[in-house]
file work04.cif (mmCIF, C-alpha atoms)
data_target
#
loop_
_atom_site.label_atom_id
_atom_site.label_comp_id
_atom_site.auth_asym_id
_atom_site.auth_seq_id
_atom_site.Cartn_x
_atom_site.Cartn_y
_atom_site.Cartn_z
CA MET A 1 0.00 0.00 0.00
CA GLU A 2 1.26 3.47 -0.90
CA VAL A 3 -0.24 6.66 0.47
CA ALA A 4 0.29 10.15 -0.96
CA LEU A 5 -0.89 13.34 0.73
CA ARG A 6 -1.53 16.67 -0.90
CA LYS A 7 -3.26 19.79 0.38
CA GLU A 8 -5.87 21.50 -1.77
CA ASP A 9 -6.74 24.76 0.03
CA ASN A 10 -8.20 23.58 3.34
CA THR A 11 -8.66 19.96 2.30
CA MET A 12 -6.21 17.09 2.66
CA VAL A 13 -6.40 14.69 -0.25
CA VAL A 14 -5.19 11.24 0.78
CA SER A 15 -4.50 9.02 -2.23
CA VAL A 16 -4.15 5.32 -1.49
CA LYS A 17 -2.71 2.79 -3.91
CA GLY A 18 -2.64 -1.00 -3.69
CA ARG A 19 -4.14 -3.11 -0.93
CA MET A 20 -5.43 -2.05 2.47
CA ASP A 21 -5.53 -5.28 4.46
CA ALA A 22 -5.33 -5.96 8.20
CA VAL A 23 -1.55 -5.49 8.02
CA SER A 24 -1.38 -2.22 6.08
CA ALA A 25 -4.50 -0.71 7.70
CA ALA A 26 -2.37 -0.01 10.78
CA ASP A 27 -0.07 2.18 8.66
CA PHE A 28 -3.06 3.98 7.18
CA GLU A 29 -4.53 4.56 10.61
CA LYS A 30 -1.22 6.12 11.76
CA ILE A 31 -1.20 8.46 8.76
CA LEU A 32 -4.76 9.62 9.47
CA GLU A 33 -4.00 9.98 13.19
CA ASP A 34 -0.97 12.17 12.39
CA GLN A 35 -3.07 14.40 10.13
CA LEU A 36 -5.82 14.69 12.76
CA ALA A 37 -3.20 15.54 15.40
CA ALA A 38 -1.81 18.22 13.05
CA GLY A 39 -5.26 19.83 13.04
CA GLU A 40 -6.56 18.73 9.65
CA THR A 41 -10.35 18.52 9.63
CA ARG A 42 -11.30 18.12 5.97
CA PHE A 43 -10.31 14.99 4.11
CA ILE A 44 -10.91 13.44 0.74
CA LEU A 45 -9.83 9.80 0.55
CA ASP A 46 -8.88 9.11 -3.04
CA PHE A 47 -9.35 5.39 -3.69
CA ASN A 48 -8.85 5.48 -7.46
CA ASP A 49 -5.86 3.11 -7.22
CA LEU A 50 -7.05 1.10 -4.23
CA GLU A 51 -7.73 -2.45 -5.39
CA TYR A 52 -8.58 -4.17 -2.11
CA ILE A 53 -9.94 -3.25 1.31
CA SER A 54 -11.01 -5.35 4.28
CA SER A 55 -12.90 -4.58 7.48
CA ALA A 56 -9.64 -3.42 9.12
CA GLY A 57 -9.47 -0.56 6.60
CA LEU A 58 -13.12 0.30 7.15
CA GLN A 59 -12.47 0.35 10.88
CA CYS A 60 -9.70 2.99 10.62
CA ILE A 61 -11.77 5.17 8.31
CA LEU A 62 -14.69 5.03 10.74
CA ALA A 63 -12.41 5.73 13.72
CA ALA A 64 -11.02 8.85 12.01
CA ALA A 65 -14.51 10.00 11.04
CA LYS A 66 -15.68 9.62 14.64
CA GLN A 67 -12.87 11.90 15.76
CA LEU A 68 -13.82 14.46 13.10
CA GLU A 69 -17.46 14.53 14.16
CA PRO A 70 -17.13 16.87 17.19
CA LYS A 71 -14.79 19.14 15.21
CA GLN A 72 -17.36 19.63 12.45
CA GLY A 73 -14.83 18.04 10.15
CA GLN A 74 -15.60 16.21 6.96
CA MET A 75 -14.45 13.02 5.33
CA ALA A 76 -15.43 12.32 1.76
CA LEU A 77 -14.48 9.39 -0.42
CA ALA A 78 -13.67 9.52 -4.10
CA ALA A 79 -13.23 7.14 -7.04
CA LEU A 80 -14.18 3.83 -5.45
CA LYS A 81 -13.69 0.95 -7.87
CA GLY A 82 -14.47 -2.75 -8.15
CA MET A 83 -14.45 -4.72 -4.90
CA VAL A 84 -13.69 -1.57 -2.87
CA ARG A 85 -16.96 -0.04 -4.03
CA GLU A 86 -18.74 -3.34 -3.39
CA VAL A 87 -17.38 -3.58 0.18
CA PHE A 88 -18.47 0.00 0.94
CA GLU A 89 -21.95 -0.70 -0.37
CA ILE A 90 -22.40 -4.05 1.40
CA SER A 91 -21.14 -2.72 4.73
CA GLY A 92 -23.45 0.29 4.58
CA PHE A 93 -20.48 2.69 4.57
CA SER A 94 -21.76 4.21 1.34
CA SER A 95 -24.57 5.78 3.34
CA ILE A 96 -22.26 7.08 6.09
CA PHE A 97 -19.85 9.00 3.89
CA PRO A 98 -20.34 11.31 0.92
CA ILE A 99 -18.98 9.48 -2.10
CA TYR A 100 -17.87 11.13 -5.34
CA GLU A 101 -16.91 9.79 -8.74
CA SER A 102 -13.58 11.63 -8.64
CA VAL A 103 -11.39 13.81 -6.43
CA ASP A 104 -12.19 16.79 -8.68
CA ALA A 105 -15.92 16.24 -8.12
CA ALA A 106 -15.36 16.05 -4.36
CA LEU A 107 -13.25 19.22 -4.37
CA ALA A 108 -15.85 21.06 -6.44
CA ASP A 109 -18.54 20.20 -3.89
CA ARG A 110 -16.75 21.60 -0.83
CA MET B 1 -7.28 -30.81 -1.01
CA LEU B 2 -4.31 -28.42 -1.22
CA ARG B 3 -3.22 -27.26 2.23
CA LEU B 4 -1.10 -24.57 3.85
CA LYS B 5 -0.35 -24.80 7.57
CA LEU B 6 1.16 -21.81 9.35
CA SER B 7 1.34 -20.32 12.79
CA SER B 8 -1.44 -17.85 13.66
CA GLY B 9 -0.59 -14.16 13.68
CA MET B 10 -0.56 -11.21 11.30
CA GLY B 11 2.82 -12.33 9.95
CA SER B 12 1.03 -15.27 8.28
CA LEU B 13 -1.96 -13.34 6.92
CA ARG B 14 -0.53 -12.43 3.52
CA SER B 15 0.84 -15.93 2.92
CA PHE B 16 -2.62 -17.38 3.52
CA VAL B 17 -4.30 -14.80 1.28
CA ARG B 18 -1.72 -15.30 -1.49
CA PHE B 19 -2.23 -19.07 -1.28
CA ILE B 20 -5.99 -18.85 -1.82
CA SER B 21 -5.57 -16.12 -4.42
CA ASP B 22 -3.13 -18.20 -6.49
CA PHE B 23 -5.44 -21.21 -6.26
CA ALA B 24 -8.51 -19.20 -7.30
CA GLN B 25 -6.68 -17.56 -10.18
CA SER B 26 -5.31 -20.88 -11.40
CA HIS B 27 -8.91 -22.11 -11.59
CA ASN B 28 -9.94 -19.13 -13.68
CA LEU B 29 -12.11 -17.26 -11.21
CA SER B 30 -12.64 -13.66 -12.33
CA GLY B 31 -10.54 -10.88 -10.85
CA LYS B 32 -13.55 -9.64 -8.86
CA LYS B 33 -14.33 -13.08 -7.48
CA VAL B 34 -10.68 -13.63 -6.55
CA ARG B 35 -10.72 -10.40 -4.50
CA GLU B 36 -13.93 -11.52 -2.77
CA VAL B 37 -12.40 -14.87 -1.88
CA GLU B 38 -9.27 -13.09 -0.59
CA LEU B 39 -11.47 -10.90 1.61
CA ALA B 40 -13.41 -13.85 3.04
CA VAL B 41 -10.18 -15.68 3.89
CA GLU B 42 -8.56 -12.56 5.39
CA GLU B 43 -11.57 -11.88 7.63
CA ALA B 44 -11.76 -15.52 8.73
CA MET B 45 -8.02 -15.61 9.50
CA VAL B 46 -7.99 -12.34 11.44
CA ASN B 47 -10.91 -13.62 13.44
CA ILE B 48 -9.02 -16.81 14.32
CA PHE B 49 -5.83 -14.88 15.17
CA TYR B 50 -7.74 -12.70 17.64
CA TYR B 51 -10.37 -15.03 19.08
CA ALA B 52 -9.26 -18.64 18.64
CA TYR B 53 -5.76 -17.95 19.91
CA PRO B 54 -6.09 -14.85 22.11
CA GLY B 55 -2.68 -13.69 23.30
CA LYS B 56 -0.84 -16.74 21.99
CA ALA B 57 0.00 -18.48 18.74
CA GLY B 58 -1.31 -21.75 17.39
CA ASP B 59 -1.46 -23.56 14.09
CA VAL B 60 -3.96 -22.68 11.38
CA THR B 61 -4.50 -24.80 8.28
CA LEU B 62 -6.01 -23.39 5.10
CA GLY B 63 -7.19 -25.97 2.59
CA CYS B 64 -8.84 -25.53 -0.80
CA GLU B 65 -10.16 -27.59 -3.66
CA MET B 66 -12.59 -27.46 -6.54
CA ASN B 67 -15.38 -30.00 -6.04
CA ASP B 68 -17.19 -31.95 -8.74
CA ASP B 69 -19.78 -29.19 -9.07
CA GLY B 70 -17.12 -26.61 -9.93
CA GLN B 71 -17.44 -25.00 -6.51
CA LEU B 72 -14.44 -23.64 -4.68
CA VAL B 73 -14.34 -25.26 -1.24
CA ILE B 74 -12.20 -23.51 1.37
CA GLN B 75 -11.55 -25.18 4.71
CA ILE B 76 -9.91 -23.40 7.64
CA GLU B 77 -8.93 -25.36 10.74
CA ASP B 78 -7.57 -24.25 14.07
CA MET B 79 -7.19 -25.85 17.49
CA GLY B 80 -8.17 -22.80 19.49
CA VAL B 81 -11.14 -21.68 21.53
CA PRO B 82 -14.44 -23.01 20.12
CA PHE B 83 -16.01 -20.22 18.10
CA ASP B 84 -18.96 -20.62 15.76
CA ILE B 85 -19.03 -17.59 13.47
CA THR B 86 -22.35 -18.72 12.02
CA SER B 87 -23.93 -18.00 15.43
CA ILE B 88 -22.91 -14.32 15.42
CA PRO B 89 -25.83 -11.97 14.70
CA GLU B 90 -25.55 -9.55 11.79
CA PRO B 91 -24.25 -6.10 12.74
CA LYS B 92 -26.51 -3.04 12.68
CA LEU B 93 -25.56 -1.18 9.53
CA CYS B 94 -26.82 2.20 10.70
CA ALA B 95 -25.78 5.28 8.78
CA ASP B 96 -25.01 7.46 11.80
CA ILE B 97 -21.25 7.85 12.34
CA ARG B 98 -21.57 8.31 16.10
CA ASN B 99 -23.55 5.13 16.64
CA ARG B 100 -21.93 3.05 13.96
CA ASN B 101 -19.83 0.21 15.22
CA VAL B 102 -17.64 -2.03 13.11
CA GLY B 103 -17.84 -5.00 15.44
CA GLY B 104 -18.96 -8.08 13.58
CA LEU B 105 -18.34 -6.49 10.22
CA GLY B 106 -15.61 -8.99 9.30
CA ILE B 107 -17.91 -11.96 9.80
CA PHE B 108 -20.70 -10.15 7.97
CA LEU B 109 -18.36 -9.63 5.00
CA ILE B 110 -17.41 -13.34 4.98
CA ARG B 111 -21.10 -14.23 4.68
CA LYS B 112 -21.56 -11.77 1.83
CA MET B 113 -18.45 -12.80 -0.12
CA VAL B 114 -19.13 -16.55 -0.27
CA ASN B 115 -22.25 -18.60 -0.95
CA GLU B 116 -22.12 -20.98 2.01
CA VAL B 117 -20.55 -20.79 5.48
CA HIS B 118 -20.43 -23.91 7.67
CA TYR B 119 -18.86 -24.40 11.08
CA ARG B 120 -18.28 -27.57 13.01
CA ARG B 121 -16.27 -28.53 16.07
CA GLU B 122 -14.45 -31.86 15.74
CA GLY B 123 -12.62 -32.88 18.90
CA ASP B 124 -10.37 -29.94 19.70
CA ARG B 125 -10.57 -28.41 16.23
CA ASN B 126 -12.68 -25.58 14.81
CA ILE B 127 -13.45 -26.31 11.17
CA LEU B 128 -14.82 -23.50 9.04
CA THR B 129 -15.90 -24.33 5.51
CA LEU B 130 -16.60 -21.63 2.92
CA ILE B 131 -18.09 -22.53 -0.45
CA VAL B 132 -18.04 -20.34 -3.53
CA TYR B 133 -20.34 -21.27 -6.40
CA PRO B 134 -19.14 -21.05 -9.98
CA GLU B 135 -19.74 -17.68 -11.57
CA ARG B 136 -22.35 -17.09 -14.20
CA ARG B 137 -20.26 -15.73 -17.00
CA THR B 138 -23.13 -14.16 -18.91
CA CYS B 139 -25.01 -12.47 -16.11
CA ASP B 140 -26.43 -9.67 -18.26
CA GLY B 141 -26.39 -11.43 -21.57
CA PRO B 142 -28.35 -14.27 -23.12
CA ASP B 143 -28.24 -17.60 -21.37
CA ARG B 144 -26.00 -20.46 -22.48
CA SER B 145 -28.59 -22.26 -24.58
CA LEU B 146 -29.30 -19.07 -26.48
CA LEU B 147 -25.61 -18.46 -26.97
CA SER B 148 -24.98 -21.92 -28.36
CA SER B 149 -27.90 -21.63 -30.76
CA GLN B 150 -26.51 -18.36 -32.01
CA GLN B 151 -23.01 -19.56 -32.66
CA GLY B 152 -21.24 -17.50 -35.22
CA ARG B 153 -23.46 -14.50 -34.55
CA ARG B 154 -22.22 -11.51 -32.67
CA VAL B 155 -24.00 -11.37 -29.32
#
call {"tool": "encode", "arguments": {"input": "work04.cif", "output": "structure tokens"}}
result
Amino acid sequence: MEVALRKEDNTMVVSVKGRMDAVSAADFEKILEDQLAAGETRFILDFNDLEYISSAGLQCILAAAKQLEPKQGQMALAALKGMVREVFEISGFSSIFPIYESVDAALADR
Amino acid sequence: MLRLKLSSGMGSLRSFVRFISDFAQSHNLSGKKVREVELAVEEAMVNIFYYAYPGKAGDVTLGCEMNDDGQLVIQIEDMGVPFDITSIPEPKLCADIRNRNVGGLGIFLIRKMVNEVHYRREGDRNILTLIVYPERRTCDGPDRSLLSSQQGRRV
């Protein structure tokens, strides 16, 4: 799993590539924790190149979102593909988070 | 049945997933189905690592085969604490972030990714069997009989 961060105005775009399994989810959680600790409150998770996610990945995304809730923060997801999209839909996460076709669409809707 | 036996723990997770992935790919399951099978095996393994062998390591055996009906049969055995995942109720999939809990989501995903989930306790072993039916290759197209009667035509 590779993670790239870039700031677009007040929003942190987190692009994830590869596989987020129970091993790599811990690394992803650390990255999100560091950004939350640094005071970031608006996130777009770019999953265009994410090919696999398990419940461990969902768990860290939910944990971060719970921390954002009292800060009026926002977490949006963009470009979900294949099994990643399927897992979000089945688990009901599609109704928890705003989901966009692309990062550009998510940025345009801020 | 092809088998891989390793010690429990996250260090073994990717070897187990790669084993089932290679087997599924070698039997021509689609890329999507392979990912689903990988997910089911990952969730089952993580569950065993945490709950069958809490705070210690033990052996886990992953077995797989294609049966005569073209179904992928996955068998996972451990000698840990008895734990019947088929007895776990489905999680509440509420849409409210504050009240949403991910507990039980792994087991829920296993049930959704495969067609059958069976558990049995044999002596001191937990035996979990997951069965994946063959895919329908023409899910949106004409059925097989129609296809064969239209051979040579573009469908």
call {"tool": "interface_residues", "arguments": {"input": "work04.cif", "of": "chain B", "to": "chain A", "cutoff": "12 Å", "atoms": "all atoms listed in the file", "output": "PyMOL selection string"}}
result
chain B and resi 9-15+17+30-47+49-50+90-113
call {"tool": "write_last_selection", "arguments": {"input": "work04.cif", "atoms": "C-alpha atoms", "output": "tab-separated table (two decimals), keeping the file's coordinate frame"}}
result
chain	number	residue	atom	x	y	z
B	9	GLY	CA	-0.59	-14.16	13.68
B	10	MET	CA	-0.56	-11.21	11.30
B	11	GLY	CA	2.82	-12.33	9.95
B	12	SER	CA	1.03	-15.27	8.28
B	13	LEU	CA	-1.96	-13.34	6.92
B	14	ARG	CA	-0.53	-12.43	3.52
B	15	SER	CA	0.84	-15.93	2.92
B	17	VAL	CA	-4.30	-14.80	1.28
B	30	SER	CA	-12.64	-13.66	-12.33
B	31	GLY	CA	-10.54	-10.88	-10.85
B	32	LYS	CA	-13.55	-9.64	-8.86
B	33	LYS	CA	-14.33	-13.08	-7.48
B	34	VAL	CA	-10.68	-13.63	-6.55
B	35	ARG	CA	-10.72	-10.40	-4.50
B	36	GLU	CA	-13.93	-11.52	-2.77
B	37	VAL	CA	-12.40	-14.87	-1.88
B	38	GLU	CA	-9.27	-13.09	-0.59
B	39	LEU	CA	-11.47	-10.90	1.61
B	40	ALA	CA	-13.41	-13.85	3.04
B	41	VAL	CA	-10.18	-15.68	3.89
B	42	GLU	CA	-8.56	-12.56	5.39
B	43	GLU	CA	-11.57	-11.88	7.63
B	44	ALA	CA	-11.76	-15.52	8.73
B	45	MET	CA	-8.02	-15.61	9.50
B	46	VAL	CA	-7.99	-12.34	11.44
B	47	ASN	CA	-10.91	-13.62	13.44
B	49	PHE	CA	-5.83	-14.88	15.17
B	50	TYR	CA	-7.74	-12.70	17.64
B	90	GLU	CA	-25.55	-9.55	11.79
B	91	PRO	CA	-24.25	-6.10	12.74
B	92	LYS	CA	-26.51	-3.04	12.68
B	93	LEU	CA	-25.56	-1.18	9.53
B	94	CYS	CA	-26.82	2.20	10.70
B	95	ALA	CA	-25.78	5.28	8.78
B	96	ASP	CA	-25.01	7.46	11.80
B	97	ILE	CA	-21.25	7.85	12.34
B	98	ARG	CA	-21.57	8.31	16.10
B	99	ASN	CA	-23.55	5.13	16.64
B	100	ARG	CA	-21.93	3.05	13.96
B	101	ASN	CA	-19.83	0.21	15.22
B	102	VAL	CA	-17.64	-2.03	13.11
B	103	GLY	CA	-17.84	-5.00	15.44
B	104	GLY	CA	-18.96	-8.08	13.58
B	105	LEU	CA	-18.34	-6.49	10.22
B	106	GLY	CA	-15.61	-8.99	9.30
B	107	ILE	CA	-17.91	-11.96	9.80
B	108	PHE	CA	-20.70	-10.15	7.97
B	109	LEU	CA	-18.36	-9.63	5.00
B	110	ILE	CA	-17.41	-13.34	4.98
B	111	ARG	CA	-21.10	-14.23	4.68
B	112	LYS	CA	-21.56	-11.77	1.83
B	113	MET	CA	-18.45	-12.80	-0.12
call {"tool": "resolve_selection", "arguments": {"input": "work04.cif", "expression": "the PyMOL selection byres ((chain A and resi 3) around 6)", "output": "list in words"}}
result
Glu2, Ala4, Ser15 and Val16 of chain A
call {"tool": "resolve_selection", "arguments": {"input": "work04.cif", "expression": "the PyMOL selection byres ((chain B and resi 57) around 12)", "output": "number ranges by chain"}}
result
B: 6-12, 48-56, 58-60, 78-81
call {"tool": "write_last_selection", "arguments": {"input": "work04.cif", "atoms": "C-alpha atoms", "output": "PDB file, keeping the file's coordinate frame"}}
result
ATOM      1  CA  LEU B   6       1.160 -21.810   9.350  1.00  0.00           C
ATOM      2  CA  SER B   7       1.340 -20.320  12.790  1.00  0.00           C
ATOM      3  CA  SER B   8      -1.440 -17.850  13.660  1.00  0.00           C
ATOM      4  CA  GLY B   9      -0.590 -14.160  13.680  1.00  0.00           C
ATOM      5  CA  MET B  10      -0.560 -11.210  11.300  1.00  0.00           C
ATOM      6  CA  GLY B  11       2.820 -12.330   9.950  1.00  0.00           C
ATOM      7  CA  SER B  12       1.030 -15.270   8.280  1.00  0.00           C
ATOM      8  CA  ILE B  48      -9.020 -16.810  14.320  1.00  0.00           C
ATOM      9  CA  PHE B  49      -5.830 -14.880  15.170  1.00  0.00           C
ATOM     10  CA  TYR B  50      -7.740 -12.700  17.640  1.00  0.00           C
ATOM     11  CA  TYR B  51     -10.370 -15.030  19.080  1.00  0.00           C
ATOM     12  CA  ALA B  52      -9.260 -18.640  18.640  1.00  0.00           C
ATOM     13  CA  TYR B  53      -5.760 -17.950  19.910  1.00  0.00           C
ATOM     14  CA  PRO B  54      -6.090 -14.850  22.110  1.00  0.00           C
ATOM     15  CA  GLY B  55      -2.680 -13.690  23.300  1.00  0.00           C
ATOM     16  CA  LYS B  56      -0.840 -16.740  21.990  1.00  0.00           C
ATOM     17  CA  GLY B  58      -1.310 -21.750  17.390  1.00  0.00           C
ATOM     18  CA  ASP B  59      -1.460 -23.560  14.090  1.00  0.00           C
ATOM     19  CA  VAL B  60      -3.960 -22.680  11.380  1.00  0.00           C
ATOM     20  CA  ASP B  78      -7.570 -24.250  14.070  1.00  0.00           C
ATOM     21  CA  MET B  79      -7.190 -25.850  17.490  1.00  0.00           C
ATOM     22  CA  GLY B  80      -8.170 -22.800  19.490  1.00  0.00           C
ATOM     23  CA  VAL B  81     -11.140 -21.680  21.530  1.00  0.00           C
TER      24      VAL B  81
END
call {"tool": "atom_distance", "arguments": {"input": "work04.cif", "atom1": "CA of Val132 (chain B)", "atom2": "CA of Gln71 (chain B)"}}
result
5.6 Å
call {"tool": "atom_distance", "arguments": {"input": "work04.cif", "atom1": "CA of His27 (chain B)", "atom2": "CA of Gly18 (chain A)"}}
result
23.4 Å
call {"tool": "residues_near_point", "arguments": {"input": "work04.cif", "point": "(-20.8, -23.4, 9.8)", "cutoff": "6 Å", "atoms": "all atoms listed in the file", "output": "list in words"}}
result
Thr86, Val117, His118, Tyr119 and Arg120 of chain B
call {"tool": "residues_around", "arguments": {"input": "work04.cif", "residues": "Glu8 (chain A)", "least_positions_apart": "4", "cutoff": "12 Å", "atoms": "all atoms listed in the file", "output": "number ranges by chain"}}
result
A: 12-14, 40, 42-44, 103-104, 106-108, 110
call {"tool": "atom_distance", "arguments": {"input": "work04.cif", "atom1": "CA of Lys17 (chain A)", "atom2": "CA of Asn48 (chain A)"}}
result
7.6 Å
call {"tool": "axis_aligned_box", "arguments": {"input": "work04.cif", "around": "region 37-41 of chain B", "padding_each_side": "5 Å", "output": "lines of an AutoDock Vina configuration file"}}
result
center_x = -11.3
center_y = -13.3
center_z = 1.0
size_x = 14.1
size_y = 14.8
size_z = 15.8
call {"tool": "resolve_selection", "arguments": {"input": "work04.cif", "expression": "the PyMOL selection byres ((chain B and resi 74) around 8)", "output": "PyMOL selection string"}}
result
chain B and resi 62-65+72-73+75-76+129-131
call {"tool": "build_atoms", "arguments": {"input": "work04.cif", "residues": "region 51-60 of chain A", "atoms": "all heavy atoms", "output": "compact mmCIF listing (two decimals), in the coordinates of the input"}}
result
# COMPACT_ATOMS: atom_id res chain seq x y z
N GLU A 51 -7.12 -1.27 -4.77
CA GLU A 51 -7.73 -2.45 -5.39
C GLU A 51 -8.36 -3.42 -4.40
O GLU A 51 -9.08 -4.32 -4.80
CB GLU A 51 -6.71 -3.16 -6.26
CG GLU A 51 -5.46 -3.59 -5.54
CD GLU A 51 -4.40 -4.13 -6.49
OE1 GLU A 51 -3.96 -3.38 -7.38
OE2 GLU A 51 -4.04 -5.30 -6.34
N TYR A 52 -8.08 -3.21 -3.10
CA TYR A 52 -8.58 -4.17 -2.11
C TYR A 52 -8.71 -3.48 -0.76
O TYR A 52 -7.84 -2.70 -0.37
CB TYR A 52 -7.58 -5.32 -2.01
CG TYR A 52 -7.88 -6.37 -0.96
CD1 TYR A 52 -8.59 -7.51 -1.27
CD2 TYR A 52 -7.43 -6.21 0.35
CE1 TYR A 52 -8.85 -8.48 -0.30
CE2 TYR A 52 -7.68 -7.18 1.32
CZ TYR A 52 -8.40 -8.30 0.98
OH TYR A 52 -8.66 -9.26 1.93
N ILE A 53 -9.80 -3.76 -0.06
CA ILE A 53 -9.94 -3.25 1.31
C ILE A 53 -10.69 -4.30 2.13
O ILE A 53 -11.56 -5.00 1.60
CB ILE A 53 -10.69 -1.89 1.33
CG1 ILE A 53 -10.55 -1.22 2.71
CG2 ILE A 53 -12.15 -2.05 0.94
CD1 ILE A 53 -10.95 0.25 2.73
N SER A 54 -10.30 -4.42 3.39
CA SER A 54 -11.01 -5.35 4.28
C SER A 54 -11.60 -4.57 5.45
O SER A 54 -11.48 -3.34 5.52
CB SER A 54 -10.05 -6.44 4.77
OG SER A 54 -9.04 -5.87 5.57
N SER A 55 -12.22 -5.28 6.39
CA SER A 55 -12.90 -4.58 7.48
C SER A 55 -11.93 -3.78 8.35
O SER A 55 -12.31 -2.79 8.96
CB SER A 55 -13.68 -5.57 8.35
OG SER A 55 -12.82 -6.42 9.06
N ALA A 56 -10.63 -4.18 8.35
CA ALA A 56 -9.64 -3.42 9.12
C ALA A 56 -9.51 -2.00 8.56
O ALA A 56 -9.38 -1.03 9.32
CB ALA A 56 -8.29 -4.14 9.08
N GLY A 57 -9.53 -1.88 7.24
CA GLY A 57 -9.47 -0.56 6.60
C GLY A 57 -10.71 0.26 6.91
O GLY A 57 -10.62 1.45 7.23
N LEU A 58 -11.86 -0.39 6.84
CA LEU A 58 -13.12 0.30 7.15
C LEU A 58 -13.09 0.83 8.58
O LEU A 58 -13.54 1.93 8.87
CB LEU A 58 -14.32 -0.64 6.98
CG LEU A 58 -14.58 -1.20 5.58
CD1 LEU A 58 -15.79 -2.12 5.60
CD2 LEU A 58 -14.79 -0.09 4.56
N GLN A 59 -12.52 0.00 9.46
CA GLN A 59 -12.47 0.35 10.88
C GLN A 59 -11.65 1.63 11.09
O GLN A 59 -12.04 2.50 11.87
CB GLN A 59 -11.84 -0.81 11.66
CG GLN A 59 -12.09 -0.74 13.12
CD GLN A 59 -12.12 -2.12 13.77
OE1 GLN A 59 -11.81 -3.11 13.11
NE2 GLN A 59 -12.47 -2.18 15.02
N CYS A 60 -10.49 1.75 10.40
CA CYS A 60 -9.70 2.99 10.62
C CYS A 60 -10.39 4.20 10.03
O CYS A 60 -10.27 5.31 10.58
CB CYS A 60 -8.30 2.99 10.04
SG CYS A 60 -7.54 1.68 9.43
